[in-house]
Amino acid sequence: MREREEVSVLEIRDLHVTVGEGDDTKEILRGVDLTVRSGETHAIMGPNGSGKSTLAYSIAGHPKYTVTGGTVTLDGEDVLAMTVDERARAGLFLAMQYPVEVPGVSVSNFLRTAATAIKGEAPKLRTWVKDVKSEMDLLEMDPAFAERNVNEGFSGGEKKRHEILQMRLLKPAIAILDETDSGLDVDALRIVSEGVNRTREEGEIGVLLITHYTRILRYIKPDFVHVFVAGKVVEEGGAELADKLENEGYAAYVKDSNEAAAAEVARA
Amino acid sequence: MSDQITGTTDLTTQPSTLAAELFAPGVGAQAGPPTTPADSTAVPAGAHSHGGPAPTGSPAERLTSTDPDVFGVPTGREETWRFTPMKRIRPLLDGAASDARLTWTTDLPEGVELTRVEADDPLIKGLPEPVDRLAALTRQRANGADVVRVAKEAQLDRPVTLALTGTGGDDVVWGQLVVEVGAFAKATVVLDHTGPAKYSGGVTVIAGDGAQVTLVSVQDWAPGAVHGGQYDAVVGRDATFKQVVVTLGGDLVRLVSNVQYSGPGGRADLFGVYFSDETQHQEHRLWVDHAVPNCTSNVLYKGALQGEGARTVWIGDVRIRPTATGTETYELNRNLVLTDGARADSVPNLEIETGEIVGAGHASATGRFDDEQLFYLCSRGIDAETARRLVVRGFFADVVQHIGVDALQDRLMGTIEARLGALPGLDDQPVEVA
């Protein structure tokens, strides 16, 4: 069983990340600073292309992204030095915007293999089956779902419920939800949000909620809102900042950012 | 039905016509014999002066004949043979007629009859014709056929199993099997090939109107075995035909699977899975001929290769003729190359001659592990080694699960997993994302 601090802290300091190689190298994250503690819910909001998803995937360790500077630590441990699976076992979880289909691997086999990896031992079959069933019930998922292949032929809503189901069963210290709200109808959004809220109420989970829209924030109340533009956090505040974004959009931030970039080019 | 024969010289009886005769009660005018390649291109012996088909601009017809000499002796440069290592298939092509047989162990549920018919039986004459020299030699030398008959409307309580075991020896075993499933019957037939053999076997499935037929052909041969075969399916009106081909063993396996429809509303699902190890050659060629309206075909073949000289070939030809309105077809081939030194060829061909179809598509992909799948699994705490095994296992299970016979599925997955266990360097491959 993994040892876990009572209170977990994910600390991101001056994180710089690029994609591509050689002449195609592009800097996506340009010095991200962020701290997420157990029990806190942070919303990261920003326009398309601002690097929100890159932040999520970089923390999870997707090899497409290269960290060129800065640090990411979980309870003081160097996350960037860990393999993808080690990060998950350390307590990080990424609910993906586009969950991947894995043909021929059933949901039940996948979930049990993942739970075994995270807990360090196979969960007792009896309680496990019960746990999976009741969590699926709560997420209003058909039991037949467990026998389907991972994400194969799932609707958008089913994929996101499946992501939240995993979060419920794997019980991470810090969960990053990457645009979990995208492509969901109101019902699915409510079900998924309730799943997240149950987890927040039950334990000391830290949530990093990445979203383009304010809609999900009516269901999941953030403690902190960070506005993300051009690869970094440009403004921070409480839940009220989301209301401001709802009314005014990102235009002002994007304009500032463009002007700053222009000024930078002019200086160079 | 005689219209098409008249004026086409002394062609052998047409396969689809025979199929129509066999299931005459359910076959109406609309469900008459389709225009199969055999109808217009079979060139009987001594009729070579007919030359090739007239240049109409439409795709070339496929040559079919029961006469081996019509095809000539392949050199390896022909389109149908260019992927095949000729040296290794010569034992079959040059093989003499023989009395050698595979050892048959059969399990026949109630409602199933196993008989033998002679070469001059009308059933034999009505089978879809051979499409290459080896198949024609096989038809000739099998000298008749073993026939599995499933009574009409029979609902079998378990699969028909024919365990066909090679006993070694240098003689080529020539075989012809006909599986005749009566109207509205539901049957699964398993051909389970094991042991050492040089075997060339034709298999024809005739699915009656409304029948639901599953043919499973397992090639779990001993090392060194050579197996060639032409598989034909004649799918009746509103019938469902499913074929699952699993090729794991042997030195060389070359199977040609053809599907034709004898009435509208038919459906054919062709599944295949193959796993080629060092030096194994596994070739699967498909030809789905849509010539009647409102039929469906779906092809999914998946293969994995590992080791120096592992070689697989997949050719997927689908033709939608002008008469085949309302056709829906899709074919997909995926190859997973596990190590260097292996080669997979994948050639899908889709010829569409009418715009009045529901849909038609194909896809083919050959590559290493899907790194996004690995990342997804690893991001859930699963170590890279376990993730790879899950992905590869799933890659195969995706097809194997279509067999629908649990004990057989478990055995095949066990064989595949044992082979994967021997995979060199699986642990060392880094998770890379393209």
# chains A, B, ... in the order shown; residues from 1 in each chain; ligands from 1

$ closest_atom_pairs --of "chain A" --to "chain B" --cutoff "10 Å" --atoms "only C-alpha atoms" --output "Markdown table"
| residue | atom | partner | partner_atom | distance |
| --- | --- | --- | --- | --- |
| A:Tyr57 | CA | B:Ser379 | CA | 9.9 |
| A:Ala60 | CA | B:Ser379 | CA | 6.7 |
| A:Gly61 | CA | B:Ser379 | CA | 8.1 |
| A:His62 | CA | B:Phe375 | CA | 6.8 |
| A:Pro63 | CA | B:Val433 | CA | 6.2 |
| A:Lys64 | CA | B:Val433 | CA | 5.9 |
| A:Tyr65 | CA | B:Val433 | CA | 9.6 |
| A:Thr83 | CA | B:Cys378 | CA | 8.6 |
| A:Val84 | CA | B:Ser379 | CA | 5.6 |
| A:Asp85 | CA | B:Gly381 | CA | 4.1 |
| A:Glu86 | CA | B:Gly381 | CA | 6.4 |
| A:Arg87 | CA | B:Gly381 | CA | 7.3 |
| A:Ala88 | CA | B:Gly381 | CA | 4.7 |
| A:Arg89 | CA | B:Gly381 | CA | 5.2 |
| A:Ala90 | CA | B:Gly381 | CA | 8.6 |
| A:Gly91 | CA | B:Gly381 | CA | 9.1 |
| A:Leu92 | CA | B:Ser379 | CA | 8.6 |
| A:Phe93 | CA | B:Arg380 | CA | 7.2 |
| A:Leu94 | CA | B:Ser379 | CA | 7.2 |
| A:Ala95 | CA | B:Ser379 | CA | 9.5 |
| A:Met96 | CA | B:Tyr376 | CA | 8.8 |
| A:Pro99 | CA | B:Tyr376 | CA | 7.5 |
| A:Val100 | CA | B:Gln373 | CA | 6.1 |
| A:Glu101 | CA | B:Gln373 | CA | 7.0 |
| A:Val102 | CA | B:Gln373 | CA | 6.1 |
| A:Pro103 | CA | B:Gly394 | CA | 5.6 |
| A:Gly104 | CA | B:Gly394 | CA | 3.6 |
| A:Val105 | CA | B:Gly394 | CA | 4.8 |
| A:Ser106 | CA | B:Gly394 | CA | 8.3 |
| A:Asn109 | CA | B:Leu390 | CA | 9.3 |
| A:Phe110 | CA | B:Leu377 | CA | 8.1 |
| A:Leu111 | CA | B:Arg380 | CA | 8.8 |
| A:Thr113 | CA | B:Ile382 | CA | 7.0 |
| A:Ala114 | CA | B:Arg380 | CA | 5.6 |
| A:Ala115 | CA | B:Gly381 | CA | 8.0 |
| A:Thr116 | CA | B:Ile382 | CA | 8.4 |
| A:Ala117 | CA | B:Ile382 | CA | 5.5 |
| A:Ile118 | CA | B:Gly381 | CA | 5.6 |
| A:Lys119 | CA | B:Gly381 | CA | 9.3 |
| A:Gly120 | CA | B:Gly381 | CA | 9.8 |
| A:Asn149 | CA | B:Asp398 | CA | 8.5 |
| A:Val150 | CA | B:Gly394 | CA | 9.9 |
| A:Gln166 | CA | B:Arg380 | CA | 8.3 |
| A:Met167 | CA | B:Arg380 | CA | 9.3 |
| A:Leu170 | CA | B:Arg380 | CA | 8.1 |
| A:Pro172 | CA | B:Arg380 | CA | 10.0 |

$ residues_around --residues "stretch 405-415 of chain B" --least-positions-apart "5" --cutoff "12 Å" --atoms "only C-alpha atoms" --output "ChimeraX atom specification"
/A:104 /B:157-161,163,187-192,214-221,244-249,273-275,392-400,420-422

$ write_last_selection --atoms "N, CA and C atoms" --output "tab-separated table (two decimals), in the first residue's frame"
chain	number	residue	atom	x	y	z
A	104	GLY	N	-9.82	-4.86	-27.31
A	104	GLY	CA	-9.58	-6.20	-26.76
A	104	GLY	C	-9.30	-6.22	-25.27
B	157	ASP	N	-26.61	-27.55	-30.81
B	157	ASP	CA	-26.39	-27.23	-29.41
B	157	ASP	C	-24.92	-27.01	-29.09
B	158	ARG	N	-24.05	-27.34	-30.03
B	158	ARG	CA	-22.61	-27.10	-29.84
B	158	ARG	C	-21.97	-27.03	-31.23
B	159	PRO	N	-20.74	-26.54	-31.29
B	159	PRO	CA	-20.10	-26.43	-32.60
B	159	PRO	C	-19.81	-27.80	-33.21
B	160	VAL	N	-19.81	-27.86	-34.53
B	160	VAL	CA	-19.28	-29.00	-35.25
B	160	VAL	C	-17.77	-28.84	-35.22
B	161	THR	N	-17.07	-29.85	-34.71
B	161	THR	CA	-15.62	-29.72	-34.67
B	161	THR	C	-14.97	-30.79	-35.52
B	163	ALA	N	-11.32	-31.86	-36.01
B	163	ALA	CA	-9.91	-31.72	-35.66
B	163	ALA	C	-9.11	-32.47	-36.71
B	187	ALA	N	-25.37	-22.70	-37.27
B	187	ALA	CA	-24.29	-23.66	-37.02
B	187	ALA	C	-22.94	-22.98	-36.94
B	188	THR	N	-22.10	-23.53	-36.08
B	188	THR	CA	-20.69	-23.14	-36.04
B	188	THR	C	-19.87	-24.37	-36.38
B	189	VAL	N	-18.95	-24.21	-37.31
B	189	VAL	CA	-18.08	-25.32	-37.71
B	189	VAL	C	-16.64	-24.90	-37.46
B	190	VAL	N	-15.93	-25.74	-36.70
B	190	VAL	CA	-14.54	-25.44	-36.36
B	190	VAL	C	-13.62	-26.42	-37.07
B	191	LEU	N	-12.70	-25.90	-37.86
B	191	LEU	CA	-11.64	-26.72	-38.45
B	191	LEU	C	-10.38	-26.44	-37.65
B	192	ASP	N	-9.88	-27.45	-37.01
B	192	ASP	CA	-8.76	-27.26	-36.10
B	192	ASP	C	-7.55	-28.02	-36.64
B	214	THR	N	-21.13	-19.89	-38.83
B	214	THR	CA	-19.79	-19.44	-38.43
B	214	THR	C	-18.80	-20.54	-38.80
B	215	LEU	N	-17.80	-20.17	-39.56
B	215	LEU	CA	-16.72	-21.10	-39.87
B	215	LEU	C	-15.46	-20.61	-39.18
B	216	VAL	N	-14.88	-21.46	-38.34
B	216	VAL	CA	-13.63	-21.12	-37.69
B	216	VAL	C	-12.56	-22.02	-38.25
B	217	SER	N	-11.48	-21.44	-38.72
B	217	SER	CA	-10.38	-22.26	-39.22
B	217	SER	C	-9.12	-21.89	-38.46
B	218	VAL	N	-8.64	-22.84	-37.68
B	218	VAL	CA	-7.46	-22.61	-36.86
B	218	VAL	C	-6.27	-23.30	-37.51
B	219	GLN	N	-5.22	-22.55	-37.77
B	219	GLN	CA	-3.98	-23.12	-38.31
B	219	GLN	C	-2.94	-23.12	-37.18
B	220	ASP	N	-2.98	-24.17	-36.40
B	220	ASP	CA	-2.09	-24.29	-35.25
B	220	ASP	C	-1.08	-25.40	-35.56
B	221	TRP	N	-0.60	-25.40	-36.79
B	221	TRP	CA	0.26	-26.45	-37.30
B	221	TRP	C	1.57	-26.56	-36.52
B	244	VAL	N	-13.86	-16.97	-39.07
B	244	VAL	CA	-12.75	-16.54	-38.21
B	244	VAL	C	-11.55	-17.42	-38.53
B	245	VAL	N	-10.52	-16.80	-39.06
B	245	VAL	CA	-9.31	-17.52	-39.43
B	245	VAL	C	-8.22	-17.19	-38.41
B	246	VAL	N	-7.64	-18.20	-37.84
B	246	VAL	CA	-6.58	-17.98	-36.85
B	246	VAL	C	-5.35	-18.74	-37.29
B	247	THR	N	-4.33	-18.02	-37.70
B	247	THR	CA	-3.12	-18.66	-38.22
B	247	THR	C	-1.95	-18.41	-37.27
B	248	LEU	N	-1.49	-19.47	-36.68
B	248	LEU	CA	-0.41	-19.33	-35.70
B	248	LEU	C	0.81	-20.17	-36.07
B	249	GLY	N	0.58	-21.38	-36.55
B	249	GLY	CA	1.69	-22.31	-36.73
B	249	GLY	C	2.05	-22.56	-38.17
B	273	VAL	N	-6.90	-13.50	-37.55
B	273	VAL	CA	-5.80	-13.11	-36.68
B	273	VAL	C	-4.63	-14.02	-37.00
B	274	TYR	N	-3.45	-13.42	-37.09
B	274	TYR	CA	-2.27	-14.23	-37.39
B	274	TYR	C	-1.09	-13.71	-36.59
B	275	PHE	N	-0.18	-14.62	-36.32
B	275	PHE	CA	0.98	-14.29	-35.51
B	275	PHE	C	2.16	-15.00	-36.13
B	392	VAL	N	-1.06	-5.93	-26.44
B	392	VAL	CA	-0.88	-6.98	-27.45
B	392	VAL	C	-1.94	-8.07	-27.27
B	393	ARG	N	-2.17	-8.43	-26.02
B	393	ARG	CA	-3.19	-9.43	-25.73
B	393	ARG	C	-4.55	-8.94	-26.25
B	394	GLY	N	-4.83	-7.67	-25.96
B	394	GLY	CA	-6.09	-7.08	-26.40
B	394	GLY	C	-6.18	-7.02	-27.92
B	395	PHE	N	-5.05	-6.74	-28.54
B	395	PHE	CA	-4.98	-6.68	-30.00
B	395	PHE	C	-5.49	-7.99	-30.60
B	396	PHE	N	-5.08	-9.11	-30.02
B	396	PHE	CA	-5.52	-10.41	-30.51
B	396	PHE	C	-6.94	-10.75	-30.04
B	397	ALA	N	-7.20	-10.48	-28.76
B	397	ALA	CA	-8.50	-10.84	-28.19
B	397	ALA	C	-9.63	-10.16	-28.95
B	398	ASP	N	-9.36	-8.97	-29.45
B	398	ASP	CA	-10.31	-8.20	-30.22
B	398	ASP	C	-10.91	-9.03	-31.36
B	399	VAL	N	-10.08	-9.91	-31.95
B	399	VAL	CA	-10.56	-10.77	-33.04
B	399	VAL	C	-11.00	-12.13	-32.51
B	400	VAL	N	-10.17	-12.69	-31.65
B	400	VAL	CA	-10.44	-14.05	-31.16
B	400	VAL	C	-11.82	-14.14	-30.49
B	420	LEU	N	4.05	-14.71	-26.80
B	420	LEU	CA	4.45	-13.37	-26.40
B	420	LEU	C	5.47	-13.43	-25.28
B	421	GLY	N	5.31	-14.42	-24.43
B	421	GLY	CA	6.25	-14.56	-23.31
B	421	GLY	C	7.67	-14.73	-23.80
B	422	ALA	N	7.78	-15.29	-25.00
B	422	ALA	CA	9.11	-15.54	-25.54
B	422	ALA	C	9.66	-14.31	-26.27

$ atom_distance --atom1 "atom CA of A:Leu208" --atom2 "atom CA of A:Ala261"
27.3 Å

$ atom_distance --atom1 "atom CA of A:Ala144" --atom2 "atom CA of A:Ala188"
18.2 Å

$ closest_residue --among "B:Asp238, B:Gly265, B:Asp94, B:Thr279" --to "B:Gly250" --atoms "only C-alpha atoms"
B:Thr279

$ residues_around --residues "A:Val132" --least-positions-apart "2" --cutoff "10 Å" --atoms "only C-alpha atoms" --output "list of chain:residue names"
A:Ser108, A:Leu111, A:Arg112, A:Thr127, A:Trp128, A:Val129, A:Lys130, A:Ser134, A:Glu135, A:Met136, A:Asp137, A:Leu138, A:Pro143, A:Ala146, A:Leu165, A:Gln166, A:Arg168, A:Leu169

$ select_by_dssp --residues "stretch 224-428 of chain B" --states "helix (DSSP H, G or I)" --output "count of residues only"
44

$ residues_around --residues "A:Val186" --least-positions-apart "2" --cutoff "12 Å" --atoms "only C-alpha atoms" --output "PDB file with N, CA and C atoms, in the first residue's frame"
ATOM      1  N   GLY A 157     -19.985  11.078 -23.555  1.00  0.00           N
ATOM      2  CA  GLY A 157     -20.392  11.059 -22.150  1.00  0.00           C
ATOM      3  C   GLY A 157     -19.920   9.803 -21.432  1.00  0.00           C
ATOM      4  N   ASP A 181     -15.490  18.484 -19.019  1.00  0.00           N
ATOM      5  CA  ASP A 181     -16.825  18.979 -19.364  1.00  0.00           C
ATOM      6  C   ASP A 181     -17.074  19.064 -20.864  1.00  0.00           C
ATOM      7  N   SER A 182     -15.996  18.981 -21.663  1.00  0.00           N
ATOM      8  CA  SER A 182     -16.206  19.218 -23.095  1.00  0.00           C
ATOM      9  C   SER A 182     -17.019  18.075 -23.699  1.00  0.00           C
ATOM     10  N   GLY A 183     -17.952  18.449 -24.525  1.00  0.00           N
ATOM     11  CA  GLY A 183     -18.752  17.453 -25.247  1.00  0.00           C
ATOM     12  C   GLY A 183     -19.813  16.778 -24.407  1.00  0.00           C
ATOM     13  N   LEU A 184     -20.101  17.277 -23.220  1.00  0.00           N
ATOM     14  CA  LEU A 184     -21.120  16.656 -22.391  1.00  0.00           C
ATOM     15  C   LEU A 184     -22.433  17.416 -22.461  1.00  0.00           C
ATOM     16  N   ALA A 188     -25.151  14.515 -18.457  1.00  0.00           N
ATOM     17  CA  ALA A 188     -23.846  13.890 -18.270  1.00  0.00           C
ATOM     18  C   ALA A 188     -22.946  14.805 -17.436  1.00  0.00           C
ATOM     19  N   LEU A 189     -23.039  16.097 -17.680  1.00  0.00           N
ATOM     20  CA  LEU A 189     -22.231  17.062 -16.937  1.00  0.00           C
ATOM     21  C   LEU A 189     -22.572  16.999 -15.448  1.00  0.00           C
ATOM     22  N   ARG A 190     -23.857  16.896 -15.161  1.00  0.00           N
ATOM     23  CA  ARG A 190     -24.311  16.808 -13.764  1.00  0.00           C
ATOM     24  C   ARG A 190     -23.779  15.521 -13.111  1.00  0.00           C
ATOM     25  N   ILE A 191     -23.908  14.396 -13.816  1.00  0.00           N
ATOM     26  CA  ILE A 191     -23.476  13.118 -13.256  1.00  0.00           C
ATOM     27  C   ILE A 191     -21.975  13.119 -12.980  1.00  0.00           C
ATOM     28  N   VAL A 192     -21.239  13.602 -13.969  1.00  0.00           N
ATOM     29  CA  VAL A 192     -19.785  13.643 -13.831  1.00  0.00           C
ATOM     30  C   VAL A 192     -19.384  14.585 -12.690  1.00  0.00           C
ATOM     31  N   SER A 193     -20.037  15.737 -12.625  1.00  0.00           N
ATOM     32  CA  SER A 193     -19.709  16.714 -11.579  1.00  0.00           C
ATOM     33  C   SER A 193     -20.024  16.156 -10.199  1.00  0.00           C
ATOM     34  N   ARG A 215     -19.214  26.752 -17.523  1.00  0.00           N
ATOM     35  CA  ARG A 215     -20.398  25.959 -17.256  1.00  0.00           C
ATOM     36  C   ARG A 215     -20.193  24.947 -16.126  1.00  0.00           C
ATOM     37  N   ILE A 216     -19.088  24.216 -16.161  1.00  0.00           N
ATOM     38  CA  ILE A 216     -18.873  23.154 -15.174  1.00  0.00           C
ATOM     39  C   ILE A 216     -18.679  23.746 -13.769  1.00  0.00           C
ATOM     40  N   ARG A 218     -20.411  25.823 -12.354  1.00  0.00           N
ATOM     41  CA  ARG A 218     -21.682  25.951 -11.634  1.00  0.00           C
ATOM     42  C   ARG A 218     -21.975  24.681 -10.845  1.00  0.00           C
ATOM     43  N   TYR A 219     -21.354  23.593 -11.262  1.00  0.00           N
ATOM     44  CA  TYR A 219     -21.552  22.312 -10.572  1.00  0.00           C
ATOM     45  C   TYR A 219     -20.414  22.022  -9.593  1.00  0.00           C
TER      46      TYR A 219
END

$ residues_around --residues "A:Val207" --least-positions-apart "2" --cutoff "9 Å" --atoms "only C-alpha atoms" --output "number ranges by chain"
A: 36-43, 173-177, 196, 200, 205, 209, 222

$ select_by_dssp --residues "stretch 218-416 of chain B" --states "strand (DSSP E)" --output "PyMOL selection string"
chain B and resi 218-221+226-235+240-247+252-261+267-276+281-290+296-305+311-320+328-337+343-352+359-367

$ closest_residue --among "B:Leu252, B:Glu61, B:Gly361, B:Thr325" --to "B:Asn298" --atoms "only C-alpha atoms"
B:Gly361

$ atom_distance --atom1 "atom CA of A:Leu217" --atom2 "atom CA of A:Gly237"
14.0 Å

$ closest_residue --among "A:Tyr253, A:Tyr98, A:Tyr213, A:Phe224" --to "A:His162" --atoms "only C-alpha atoms"
A:Tyr98

$ closest_residue --among "B:Thr80, B:Thr165, B:Gln282, B:Thr240" --to "B:Lys186" --atoms "only C-alpha atoms"
B:Thr240

$ residues_around --residues "B:Pro264" --least-positions-apart "3" --cutoff "6 Å" --atoms "only C-alpha atoms" --output "JSON, numbers by chain"
{"B": [237, 292, 293, 294, 295]}

$ residues_around --residues "A:Thr73" --least-positions-apart "4" --cutoff "7 Å" --atoms "only C-alpha atoms" --output "mmCIF file with N, CA and C atoms, in the first residue's frame"
data_model
loop_
_atom_site.group_PDB
_atom_site.id
_atom_site.type_symbol
_atom_site.label_atom_id
_atom_site.label_comp_id
_atom_site.auth_asym_id
_atom_site.auth_seq_id
_atom_site.Cartn_x
_atom_site.Cartn_y
_atom_site.Cartn_z
ATOM 1 N N LEU A 10 0.931 19.403 -4.534
ATOM 2 C CA LEU A 10 1.539 19.386 -5.868
ATOM 3 C C LEU A 10 2.054 20.789 -6.143
ATOM 4 N N GLU A 11 3.354 20.878 -6.354
ATOM 5 C CA GLU A 11 3.948 22.203 -6.575
ATOM 6 C C GLU A 11 4.583 22.277 -7.953
ATOM 7 N N ILE A 12 4.135 23.261 -8.694
ATOM 8 C CA ILE A 12 4.681 23.485 -10.033
ATOM 9 C C ILE A 12 5.411 24.815 -10.001
ATOM 10 N N GLU A 77 8.598 15.156 -3.592
ATOM 11 C CA GLU A 77 9.238 14.207 -4.510
ATOM 12 C C GLU A 77 9.239 14.770 -5.924
ATOM 13 N N ASP A 78 10.329 14.525 -6.629
ATOM 14 C CA ASP A 78 10.502 15.056 -7.980
ATOM 15 C C ASP A 78 9.648 14.253 -8.974
ATOM 16 N N VAL A 79 8.529 14.815 -9.343
ATOM 17 C CA VAL A 79 7.607 14.127 -10.271
ATOM 18 C C VAL A 79 8.246 13.943 -11.643
#
